[in-house]
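Here is coords_0.csv, consisting of CSV, C-alpha atoms:
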```csv
chain,number,residue,atom,x,y,z
A,2,MET,CA,-0.9,-20.7,21.1
A,3,TYR,CA,1.7,-19.9,18.4
A,4,PRO,CA,4.5,-22.4,18.0
A,5,HIS,CA,7.9,-20.9,17.4
A,6,ALA,CA,10.3,-22.0,14.6
A,7,ASN,CA,11.5,-25.6,15.0
A,8,PRO,CA,15.4,-25.6,15.4
A,9,ALA,CA,15.6,-28.4,12.8
A,10,ASN,CA,13.7,-26.2,10.3
A,11,ARG,CA,16.0,-23.3,11.1
A,12,SER,CA,19.0,-25.4,10.5
A,13,ALA,CA,17.7,-26.7,7.2
A,14,ALA,CA,16.8,-23.2,6.0
A,15,MET,CA,20.3,-21.9,7.0
A,16,SER,CA,22.0,-24.7,5.1
A,17,SER,CA,20.4,-23.5,1.8
A,18,ALA,CA,21.6,-19.9,2.1
A,19,LEU,CA,24.5,-17.9,3.6
A,20,ARG,CA,24.2,-16.6,7.1
A,21,PRO,CA,22.4,-13.2,7.3
A,22,GLU,CA,24.9,-10.4,7.5
A,23,LYS,CA,22.7,-8.7,10.1
A,24,GLN,CA,20.6,-10.8,12.5
A,25,THR,CA,18.6,-8.0,14.1
A,26,VAL,CA,16.4,-6.2,11.6
A,27,LYS,CA,14.5,-3.1,12.5
A,28,ILE,CA,11.3,-2.7,10.5
A,29,GLY,CA,9.0,0.3,10.6
A,30,PHE,CA,5.3,0.1,10.1
A,31,ASN,CA,2.2,2.3,10.2
A,32,PRO,CA,-0.8,1.1,12.2
A,33,LEU,CA,-2.9,-0.4,9.3
A,34,THR,CA,-4.4,-3.8,8.7
A,35,ASP,CA,-2.0,-4.5,5.9
A,36,CYS,CA,1.1,-4.5,8.2
A,37,ALA,CA,-0.1,-7.9,9.3
A,38,THR,CA,2.5,-10.1,7.7
A,39,VAL,CA,5.4,-8.1,9.0
A,40,VAL,CA,3.9,-8.2,12.5
A,41,MET,CA,3.1,-11.9,12.4
A,42,ALA,CA,6.5,-12.9,11.0
A,43,SER,CA,7.9,-11.5,14.3
A,44,VAL,CA,5.1,-12.7,16.6
A,45,LEU,CA,5.1,-16.2,15.3
A,46,GLY,CA,8.9,-16.5,15.3
A,47,MET,CA,9.1,-17.1,11.6
A,48,ASP,CA,12.0,-14.8,11.4
A,49,GLU,CA,14.1,-17.1,13.7
A,50,LYS,CA,13.6,-19.9,11.2
A,51,TYR,CA,15.8,-17.9,8.8
A,52,GLY,CA,18.4,-16.7,11.2
A,53,ILE,CA,17.1,-13.2,11.9
A,54,LYS,CA,15.1,-11.3,14.5
A,55,ILE,CA,12.6,-8.7,13.5
A,56,VAL,CA,12.3,-5.7,15.8
A,57,LEU,CA,9.1,-3.8,15.0
A,58,ARG,CA,8.9,0.0,15.2
A,59,LYS,CA,5.5,1.6,15.1
A,60,GLU,CA,5.5,5.0,13.3
A,61,ALA,CA,3.0,7.9,13.3
A,62,SER,CA,3.3,9.0,9.6
A,63,TRP,CA,4.6,7.9,6.3
A,64,ALA,CA,7.0,10.7,6.1
A,65,GLY,CA,8.4,9.5,9.4
A,66,VAL,CA,8.9,6.0,8.1
A,67,ARG,CA,10.6,7.3,5.0
A,68,ASP,CA,13.0,9.6,6.9
A,69,LYS,CA,14.0,6.9,9.3
A,70,LEU,CA,14.5,4.3,6.5
A,71,VAL,CA,16.7,6.7,4.4
A,72,SER,CA,18.7,7.7,7.5
A,73,GLY,CA,19.4,4.1,8.4
A,74,GLU,CA,17.5,4.3,11.7
A,75,LEU,CA,15.2,1.6,10.2
A,76,ASP,CA,16.5,-1.3,8.1
A,77,ALA,CA,13.3,-1.9,6.2
A,78,ALA,CA,9.7,-0.8,6.2
A,79,HIS,CA,6.1,-1.5,5.4
A,80,LEU,CA,5.7,1.3,2.9
A,81,LEU,CA,3.4,2.8,0.3
A,82,TYR,CA,4.3,1.5,-3.2
A,83,GLY,CA,4.3,4.9,-4.9
A,84,MET,CA,6.2,6.5,-2.1
A,85,VAL,CA,9.2,4.2,-2.9
A,86,TYR,CA,9.2,5.6,-6.5
A,87,GLY,CA,8.8,9.2,-5.2
A,88,ALA,CA,12.0,8.8,-3.2
A,89,GLN,CA,13.7,7.0,-6.1
A,90,LEU,CA,12.9,9.8,-8.5
A,91,GLY,CA,13.5,12.6,-6.0
A,92,VAL,CA,9.9,13.9,-5.9
A,93,GLY,CA,9.5,16.6,-3.2
A,94,TRP,CA,12.5,15.4,-1.4
A,95,GLN,CA,16.1,14.3,-1.8
A,96,GLN,CA,16.7,11.5,-4.3
A,97,LYS,CA,17.6,8.1,-2.8
A,98,ASP,CA,18.1,4.8,-4.5
A,99,MET,CA,15.5,2.5,-3.1
A,100,ALA,CA,14.6,-1.2,-3.3
A,101,ILE,CA,11.3,-3.1,-3.2
A,102,LEU,CA,11.8,-6.6,-1.8
A,103,MET,CA,8.2,-7.8,-2.2
A,104,ASN,CA,4.6,-6.8,-2.2
A,105,LEU,CA,3.0,-7.2,1.2
A,106,ASN,CA,-0.6,-7.3,0.1
A,107,ARG,CA,-3.2,-6.4,-2.6
A,108,ASN,CA,-6.6,-4.6,-2.4
A,109,GLY,CA,-8.2,-3.4,0.8
A,110,GLN,CA,-8.2,0.4,0.8
A,111,ALA,CA,-11.3,2.7,0.5
A,112,ILE,CA,-12.5,6.1,-0.5
A,113,THR,CA,-14.8,7.5,2.2
A,114,LEU,CA,-17.1,10.5,1.8
A,115,SER,CA,-18.5,12.4,4.7
A,116,ARG,CA,-22.0,11.8,6.0
A,117,ARG,CA,-22.8,15.4,5.2
A,118,LEU,CA,-22.0,14.9,1.5
A,119,ALA,CA,-24.1,11.7,1.5
A,120,GLU,CA,-27.0,13.6,2.9
A,121,GLN,CA,-26.7,15.9,-0.1
A,122,GLY,CA,-26.7,12.9,-2.5
A,123,ALA,CA,-23.0,12.3,-3.0
A,124,VAL,CA,-22.6,8.5,-2.4
A,125,ASP,CA,-20.4,7.4,-5.3
A,126,GLY,CA,-18.3,8.9,-8.0
A,127,PRO,CA,-21.0,10.1,-10.4
A,128,SER,CA,-23.2,11.6,-7.7
A,129,LEU,CA,-20.2,13.3,-6.1
A,130,ALA,CA,-19.2,14.8,-9.5
A,131,ALA,CA,-22.8,16.1,-10.0
A,132,LEU,CA,-22.9,17.7,-6.5
A,133,MET,CA,-19.5,19.4,-7.1
A,134,GLN,CA,-20.8,20.8,-10.4
A,135,GLY,CA,-24.2,21.8,-9.1
A,136,ALA,CA,-23.1,23.3,-5.7
A,137,PRO,CA,-19.6,24.8,-6.4
A,138,ARG,CA,-17.3,25.5,-3.5
A,139,THR,CA,-13.9,24.3,-2.3
A,140,TYR,CA,-14.2,20.5,-1.8
A,141,THR,CA,-11.4,19.1,0.3
A,142,PHE,CA,-10.2,15.5,0.2
A,143,ALA,CA,-7.3,13.9,2.0
A,144,GLN,CA,-4.8,11.2,1.2
A,145,THR,CA,-1.9,9.8,3.2
A,146,PHE,CA,1.2,10.9,1.2
A,147,PRO,CA,1.5,12.9,-2.0
A,148,THR,CA,3.3,10.1,-4.0
A,149,GLY,CA,1.6,7.3,-2.2
A,150,THR,CA,-1.0,4.7,-3.3
A,151,HIS,CA,-3.9,6.6,-1.6
A,152,ALA,CA,-3.2,9.8,-3.5
A,153,MET,CA,-3.1,7.8,-6.8
A,154,TRP,CA,-6.4,5.9,-6.0
A,155,LEU,CA,-8.1,9.1,-5.1
A,156,TYR,CA,-6.9,11.0,-8.1
A,157,TYR,CA,-7.6,8.1,-10.5
A,158,TRP,CA,-11.2,7.7,-9.1
A,159,LEU,CA,-12.0,11.4,-9.2
A,160,ALA,CA,-10.7,11.8,-12.8
A,161,ALA,CA,-12.5,8.7,-14.0
A,162,ASN,CA,-15.7,10.4,-12.8
A,163,GLY,CA,-14.8,13.6,-14.6
A,164,VAL,CA,-13.5,15.5,-11.6
A,165,ASP,CA,-10.0,17.1,-12.0
A,166,PRO,CA,-8.4,16.5,-8.6
A,167,ILE,CA,-6.0,19.4,-9.1
A,168,ARG,CA,-8.3,22.1,-10.5
A,169,ASP,CA,-11.6,21.0,-9.1
A,170,ALA,CA,-10.7,20.1,-5.5
A,171,ARG,CA,-8.3,20.8,-2.7
A,172,VAL,CA,-6.2,17.7,-1.8
A,173,ILE,CA,-4.3,17.6,1.5
A,174,THR,CA,-2.1,15.1,3.3
A,175,VAL,CA,-3.2,13.6,6.6
A,176,PRO,CA,-1.8,10.6,8.5
A,177,PRO,CA,-4.1,7.6,8.3
A,178,THR,CA,-4.9,7.5,12.1
A,179,GLN,CA,-6.1,11.1,11.9
A,180,MET,CA,-8.6,10.7,9.0
A,181,VAL,CA,-11.7,9.8,10.9
A,182,ALA,CA,-11.4,12.5,13.5
A,183,ASN,CA,-10.8,15.2,10.9
A,184,LEU,CA,-13.7,13.9,8.8
A,185,SER,CA,-16.0,14.0,11.8
A,186,ALA,CA,-14.8,17.6,12.7
A,187,GLY,CA,-15.7,18.8,9.2
A,188,HIS,CA,-12.2,19.6,8.1
A,189,MET,CA,-12.6,17.6,4.9
A,190,ASP,CA,-15.2,16.1,2.6
A,191,GLY,CA,-13.6,12.7,2.2
A,192,PHE,CA,-10.5,10.7,2.3
A,193,CYS,CA,-8.7,7.7,0.9
A,194,ALA,CA,-6.8,5.5,3.3
A,195,GLY,CA,-6.1,2.0,4.3
A,196,GLU,CA,-8.2,-0.1,6.6
A,197,PRO,CA,-9.4,-0.1,9.3
A,198,TRP,CA,-10.0,3.7,8.9
A,199,GLY,CA,-12.6,3.4,6.2
A,200,HIS,CA,-14.7,1.0,8.2
A,201,ARG,CA,-14.1,3.1,11.3
A,202,ALA,CA,-15.7,6.1,9.6
A,203,VAL,CA,-18.7,3.9,8.7
A,204,ALA,CA,-18.9,2.4,12.2
A,205,ASP,CA,-18.8,5.8,13.8
A,206,GLY,CA,-21.5,7.1,11.6
A,207,VAL,CA,-19.4,10.0,10.1
A,208,GLY,CA,-18.7,8.6,6.7
A,209,VAL,CA,-19.8,6.3,3.9
A,210,THR,CA,-17.8,4.1,1.6
A,211,ALA,CA,-18.0,5.6,-1.9
A,212,ALA,CA,-15.6,3.1,-3.5
A,213,THR,CA,-13.0,0.5,-2.6
A,214,SER,CA,-9.6,0.6,-4.2
A,215,GLN,CA,-10.2,-2.9,-5.7
A,216,GLN,CA,-13.1,-1.3,-7.6
A,217,ILE,CA,-10.6,1.0,-9.1
A,218,TRP,CA,-8.1,-1.7,-9.9
A,219,PRO,CA,-9.0,-5.3,-9.1
A,220,ASP,CA,-6.1,-7.1,-7.3
A,221,HIS,CA,-4.0,-3.9,-7.3
A,222,PRO,CA,-0.6,-3.8,-5.5
A,223,GLU,CA,-0.6,-1.8,-2.3
A,224,LYS,CA,2.0,-1.8,0.4
A,225,VAL,CA,5.6,-3.1,-0.1
A,226,LEU,CA,8.4,-4.3,2.0
A,227,SER,CA,11.0,-1.7,1.1
A,228,THR,CA,14.6,-0.8,2.0
A,229,THR,CA,17.4,1.2,0.4
A,230,ALA,CA,19.5,0.0,-2.4
A,231,ALA,CA,22.5,0.3,-0.2
A,232,PHE,CA,21.0,-2.0,2.5
A,233,VAL,CA,20.4,-4.7,-0.1
A,234,LYS,CA,23.9,-4.3,-1.5
A,235,HIS,CA,25.5,-4.8,2.0
A,236,HIS,CA,22.9,-7.2,3.4
A,237,PRO,CA,21.6,-9.5,0.6
A,238,ASN,CA,21.3,-12.6,2.8
A,239,THR,CA,19.4,-10.6,5.5
A,240,CYS,CA,17.0,-9.3,2.9
A,241,ARG,CA,16.5,-12.8,1.5
A,242,ALA,CA,15.8,-14.2,5.0
A,243,LEU,CA,13.4,-11.3,5.7
A,244,VAL,CA,11.3,-11.9,2.5
A,245,ALA,CA,11.1,-15.7,3.2
A,246,ALA,CA,9.9,-15.0,6.8
A,247,VAL,CA,7.2,-12.6,5.6
A,248,LEU,CA,6.1,-15.0,2.9
A,249,ASP,CA,5.7,-17.7,5.5
A,250,ALA,CA,3.6,-15.3,7.6
A,251,GLY,CA,1.3,-14.5,4.8
A,252,LYS,CA,0.9,-18.2,4.0
A,253,TRP,CA,0.0,-18.8,7.7
A,254,ILE,CA,-2.5,-16.0,7.9
A,255,GLU,CA,-4.4,-17.3,4.9
A,256,ALA,CA,-4.2,-21.0,5.8
A,257,SER,CA,-7.5,-20.9,7.7
A,258,PRO,CA,-10.2,-18.5,8.9
A,259,ALA,CA,-9.1,-19.3,12.5
A,260,ASN,CA,-5.5,-18.2,11.7
A,261,LYS,CA,-6.7,-14.9,10.1
A,262,LEU,CA,-8.9,-14.1,13.1
A,263,ALA,CA,-6.0,-14.9,15.5
A,264,ALA,CA,-3.8,-12.5,13.5
A,265,LEU,CA,-6.4,-9.8,13.6
A,266,GLU,CA,-6.8,-10.2,17.3
A,267,ILE,CA,-3.1,-9.5,17.8
A,268,LEU,CA,-3.1,-6.7,15.2
A,269,ALA,CA,-5.9,-4.9,16.9
A,270,GLY,CA,-3.8,-4.6,20.1
A,271,HIS,CA,-2.3,-1.4,21.5
A,272,SER,CA,1.2,-2.2,20.1
A,273,TYR,CA,0.0,-2.4,16.5
A,274,VAL,CA,-3.3,-0.8,15.1
A,275,ASN,CA,-4.8,-0.1,18.5
A,276,THR,CA,-8.5,-0.6,17.7
A,277,SER,CA,-11.1,-3.2,18.4
A,278,ARG,CA,-11.3,-6.5,16.5
A,279,ASP,CA,-14.9,-5.6,15.6
A,280,VAL,CA,-13.5,-2.7,13.6
A,281,ILE,CA,-10.5,-4.4,12.0
A,282,ALA,CA,-11.9,-7.8,11.2
A,283,PRO,CA,-14.9,-7.3,8.9
A,284,ARG,CA,-13.1,-5.9,5.8
A,285,ALA,CA,-10.0,-8.0,6.4
A,286,LEU,CA,-12.4,-11.0,6.0
A,287,GLY,CA,-14.1,-9.4,3.0
A,288,HIS,CA,-17.3,-8.4,4.7
A,289,TYR,CA,-18.2,-4.8,3.6
A,290,GLU,CA,-21.0,-2.4,4.4
A,291,ASN,CA,-21.0,1.1,2.9
A,292,GLY,CA,-22.9,2.9,5.7
A,293,LEU,CA,-26.0,3.3,3.6
A,294,GLY,CA,-27.5,-0.1,4.0
A,295,LYS,CA,-25.5,-2.0,1.3
A,296,ASN,CA,-23.6,-5.1,2.5
A,297,TRP,CA,-21.5,-7.4,0.3
A,298,GLN,CA,-18.8,-10.1,0.4
A,299,ASP,CA,-16.0,-8.6,-1.7
A,300,PRO,CA,-14.3,-11.2,-4.1
A,301,TYR,CA,-11.3,-8.8,-4.3
A,302,CYS,CA,-10.8,-8.2,-0.6
A,303,LEU,CA,-7.5,-7.7,1.2
A,304,GLN,CA,-5.1,-10.5,0.5
A,305,PHE,CA,-1.7,-11.1,2.1
A,306,HIS,CA,-0.4,-14.1,0.1
A,307,ALA,CA,-2.9,-15.8,-2.4
A,308,ASN,CA,-0.3,-18.5,-3.0
A,309,GLY,CA,2.3,-15.9,-3.7
A,310,ALA,CA,0.2,-13.9,-6.3
A,311,ALA,CA,-0.2,-11.0,-3.8
A,312,ASN,CA,3.6,-10.9,-3.2
A,313,PHE,CA,5.4,-11.0,-6.4
A,314,PRO,CA,7.0,-7.5,-7.2
A,315,TYR,CA,5.9,-7.2,-10.8
A,316,LEU,CA,7.9,-4.6,-12.8
A,317,SER,CA,4.7,-3.4,-14.4
A,318,ASP,CA,3.2,-2.5,-11.0
A,319,GLY,CA,6.1,-0.2,-10.3
A,320,MET,CA,5.9,1.3,-13.8
A,321,TRP,CA,2.3,2.0,-13.3
A,322,PHE,CA,3.0,4.2,-10.3
A,323,MET,CA,5.6,6.1,-12.3
A,324,THR,CA,3.0,6.7,-15.1
A,325,GLN,CA,0.7,8.3,-12.5
A,326,LEU,CA,3.5,10.5,-11.1
A,327,ARG,CA,4.0,11.6,-14.7
A,328,ARG,CA,0.3,12.0,-15.3
A,329,TRP,CA,-0.2,14.3,-12.3
A,330,GLY,CA,2.9,16.4,-13.0
A,331,LEU,CA,4.9,15.2,-10.0
A,332,ILE,CA,7.7,14.4,-12.4
A,333,THR,CA,8.4,16.7,-15.3
A,334,ARG,CA,9.5,14.1,-17.9
A,335,ASP,CA,9.1,10.4,-18.6
A,336,PRO,CA,11.7,8.3,-16.8
A,337,GLU,CA,13.2,5.2,-18.3
A,338,TYR,CA,10.3,3.2,-16.9
A,339,LEU,CA,11.5,-0.4,-17.3
A,340,THR,CA,15.1,0.4,-16.4
A,341,VAL,CA,14.1,2.2,-13.2
A,342,ALA,CA,11.7,-0.5,-12.2
A,343,SER,CA,14.4,-3.2,-12.9
A,344,HIS,CA,16.8,-1.5,-10.5
A,345,VAL,CA,14.2,-0.9,-7.8
A,346,HIS,CA,12.5,-4.4,-7.8
A,347,GLN,CA,14.7,-7.1,-6.3
A,348,ILE,CA,13.2,-9.9,-8.3
A,349,GLY,CA,16.2,-12.2,-8.3
A,350,LEU,CA,16.4,-12.0,-4.5
A,351,TYR,CA,12.6,-12.5,-4.2
A,352,ARG,CA,12.8,-15.6,-6.4
A,353,GLN,CA,15.4,-17.1,-4.1
A,354,ALA,CA,13.4,-16.3,-1.0
A,355,ALA,CA,10.3,-17.7,-2.6
A,356,GLU,CA,12.2,-21.0,-3.2
A,357,MET,CA,13.3,-21.0,0.4
A,358,SER,CA,9.6,-20.6,1.6
A,359,GLY,CA,8.0,-22.9,-1.1
A,360,THR,CA,6.2,-20.0,-2.7
A,361,PRO,CA,5.2,-20.2,-6.4
A,362,VAL,CA,6.5,-17.4,-8.7
A,363,PRO,CA,5.0,-16.3,-12.1
A,364,ASP,CA,6.9,-16.8,-15.3
A,365,SER,CA,6.5,-13.1,-16.4
A,366,MET,CA,7.7,-9.9,-14.7
A,367,LEU,CA,4.8,-8.0,-16.3
A,368,ARG,CA,1.0,-8.5,-15.9
A,369,SER,CA,-2.1,-7.1,-17.5
A,370,SER,CA,-5.0,-5.4,-15.7
A,371,LYS,CA,-8.1,-3.5,-16.6
A,372,LEU,CA,-8.9,-0.5,-14.4
A,373,MET,CA,-12.3,1.0,-13.6
A,374,ASP,CA,-12.4,3.2,-16.7
A,375,GLY,CA,-11.9,0.2,-19.0
A,376,ILE,CA,-8.3,1.1,-19.8
A,377,VAL,CA,-5.9,-1.8,-19.9
A,378,TRP,CA,-2.5,-1.5,-18.3
A,379,ASP,CA,0.2,-4.1,-19.2
A,380,GLY,CA,3.5,-2.2,-19.0
A,381,ARG,CA,4.3,-2.4,-22.6
A,382,ASP,CA,4.1,1.3,-23.6
A,383,PRO,CA,4.2,3.4,-20.4
A,384,ARG,CA,4.9,6.7,-22.2
A,385,ALA,CA,1.8,6.4,-24.4
A,386,TYR,CA,-0.3,5.2,-21.4
A,387,ALA,CA,0.7,8.2,-19.3
A,388,ALA,CA,0.0,10.7,-22.1
A,389,ALA,CA,-3.3,9.3,-23.1
A,390,PHE,CA,-5.4,10.3,-20.1
A,391,PRO,CA,-7.8,13.2,-20.9
A,392,ILE,CA,-7.3,14.6,-17.4
A,393,ARG,CA,-3.6,15.1,-16.7
A,394,HIS,CA,-1.2,17.8,-15.6
A,395,ARG,CA,2.2,19.3,-16.0
A,396,ALA,CA,4.6,19.9,-13.1
A,397,GLN,CA,2.9,20.9,-9.8
A,398,ALA,CA,3.8,21.2,-6.1
A,399,PRO,CA,3.0,18.1,-3.9
A,400,ALA,CA,-0.3,18.2,-2.0
A,401,GLU,CA,-0.2,20.2,1.1
A,402,THR,CA,0.2,18.7,4.6
A,403,ALA,CA,-2.8,19.7,6.7
A,404,THR,CA,-2.3,21.3,10.1
A,405,PHE,CA,-5.6,21.2,11.9
```
Hey, can you dump this file as structure tokens for me?
Amino acid sequence: MYPHANPANRSAAMSSALRPEKQTVKIGFNPLTDCATVVMASVLGMDEKYGIKIVLRKEASWAGVRDKLVSGELDAAHLLYGMVYGAQLGVGWQQKDMAILMNLNRNGQAITLSRRLAEQGAVDGPSLAALMQGAPRTYTFAQTFPTGTHAMWLYYWLAANGVDPIRDARVITVPPTQMVANLSAGHMDGFCAGEPWGHRAVADGVGVTAATSQQIWPDHPEKVLSTTAAFVKHHPNTCRALVAAVLDAGKWIEASPANKLAALEILAGHSYVNTSRDVIAPRALGHYENGLGKNWQDPYCLQFHANGAANFPYLSDGMWFMTQLRRWGLITRDPEYLTVASHVHQIGLYRQAAEMSGTPVPDSMLRSSKLMDGIVWDGRDPRAYAAAFPIRHRAQAPAETATF
């Protein structure tokens, strides 16, 4: 069903770049829909075209992925964007020089509230804020890692609706695969995680979708293909080949609805996300329902390639996550935003890989976006941006890890 790389193509690709220093590449991933391009690059044999073989390692938590990546047990990983910067800046853990090779996807996460809250009238940001003010108690929300994207989406969304996520709520860390069970058991009031777990909560009747991450930031960056700076230094050709293969996989997935459905069928299997295609497919195809009777086709749904627009590692995207780490007191002073991002993002290597795979690249390394509160982020003055939010905090401890 899936043709493997043509030897002639492999030869042509190898003639345009040096032989990879390491041919077998161990890549860690968490079971989420947005690991699709890493999985399909291996399943379809696109890695072989560039002289490497991807060996996939399914992990149970983001902390586990980070630890194995930093120790060298993994060569690269499907990783939370902000988590890379947490490691780079030494937030809550030892400092490690990191590298972002490419973006793996954009959009496609969700904030889910419990059915119990919905029955009390909390179905979106304003109604949740009203309930928390009118019926005060300890409200508990979960994200997947303290410096990760889901923590930042949750914090930003709550704050934009007037809820201080540090003072007004308890925020805990829960692995994505455990979110729905803990929501159902009443251990928390809501969570932010990647798909298919938001849709799983709706399908199981235990949660409602209060917001999608693309409503917070249309076409936001999400997961990245990351490694350590040391791995890039010693294996630049391997990294270049890896990026080219994953770009090809994203292009293949989005070439037709049939390809995307075929990829989702594989992704739903036990070795990957381990769910049914009925749970994983709708939101990957942009079909949303919120659990309260509202259905829509989302124009900013999960994208893996978008002619390369979903994959370019913009410096401004990395800088944004640093502004949020600063905003929430996870770092105590402003870093040299542009300098740090320029070291972490392997843009020169990405451009070379994009040329190998025939992927367009933008002219600028910065981009402009308007988030849900109307504030524009363009990367030009990160210090002022981080300091301008009315709800922000000084240094704090990372969110606790839940033990249920």
Please determine, counting all atoms listed in the file, which residue among A:Tyr273, A:Tyr338, A:Tyr351, A:Tyr82 has the shortest atom-to-atom distance to A:Cys36.
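Among the listed residues, A:Tyr273 lies closest to A:Cys36.
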Which residues of stretch 190-235 of chain A have any atom within 8 Å of an atom in stretch 362-384 of chain A when counting only C-alpha atoms, and what is the closest pair of atoms for each, with the distance in Å to one decimal? Order the rows by chain and rising number and write it as CSV.
```
residue,atom,partner,partner_atom,distance
A:Gln216,CA,A:Met373,CA,6.5
A:Ile217,CA,A:Met373,CA,4.8
A:Trp218,CA,A:Leu372,CA,4.7
A:Pro219,CA,A:Leu372,CA,7.2
```
Grab the residues selected above and save them as a PDB file, in the frame of the given file with C-alpha atoms.
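File out.pdb, as written:
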```pdb
ATOM      1  CA  GLN A 216     -13.100  -1.300  -7.600  1.00  0.00           C
ATOM      2  CA  ILE A 217     -10.600   1.000  -9.100  1.00  0.00           C
ATOM      3  CA  TRP A 218      -8.100  -1.700  -9.900  1.00  0.00           C
ATOM      4  CA  PRO A 219      -9.000  -5.300  -9.100  1.00  0.00           C
TER       5      PRO A 219
END
```
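Take the candidates A:Ala37, A:Ala100, A:Val26, A:Ala88 and check each one against A:Glu266 using all atoms listed in the file; the shortest distance goes to A:Ala37.
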Mind giving me the straight-line distance from atom CA of A:Leu19 to atom CA of A:Val247 in Å, one decimal?
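Computed distance, atom CA of A:Leu19 to atom CA of A:Val247, equals 18.2 Å.
When all atoms listed in the file are used to measure the gap to A:Arg334, the shortest distance among A:Ile254, A:Ala182, A:Ala170, A:Ala388 belongs to A:Ala388.
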I'd like to know which of A:Ile167, A:Ala123, A:Leu293, A:Cys193 is closest to A:Phe146, using only C-alpha atoms.
A:Cys193
Answer as a PyMOL selection string, residues within 10 Å of (10.0, 6.1, 4.0) using all atoms listed in the file
chain A and resi 29-30+62-72+75+77-81+84-85+87-88+99+227-229
Which one of A:Val44, A:Leu33, A:Leu350, A:Ala387 sits closest to A:Thr239 if you count all atoms listed in the file?
A:Leu350
Between A:Ala161, A:Val175, A:Ala42, A:Ala143, which is the closest to A:Gly126 once you count all atoms listed in the file?
A:Ala161
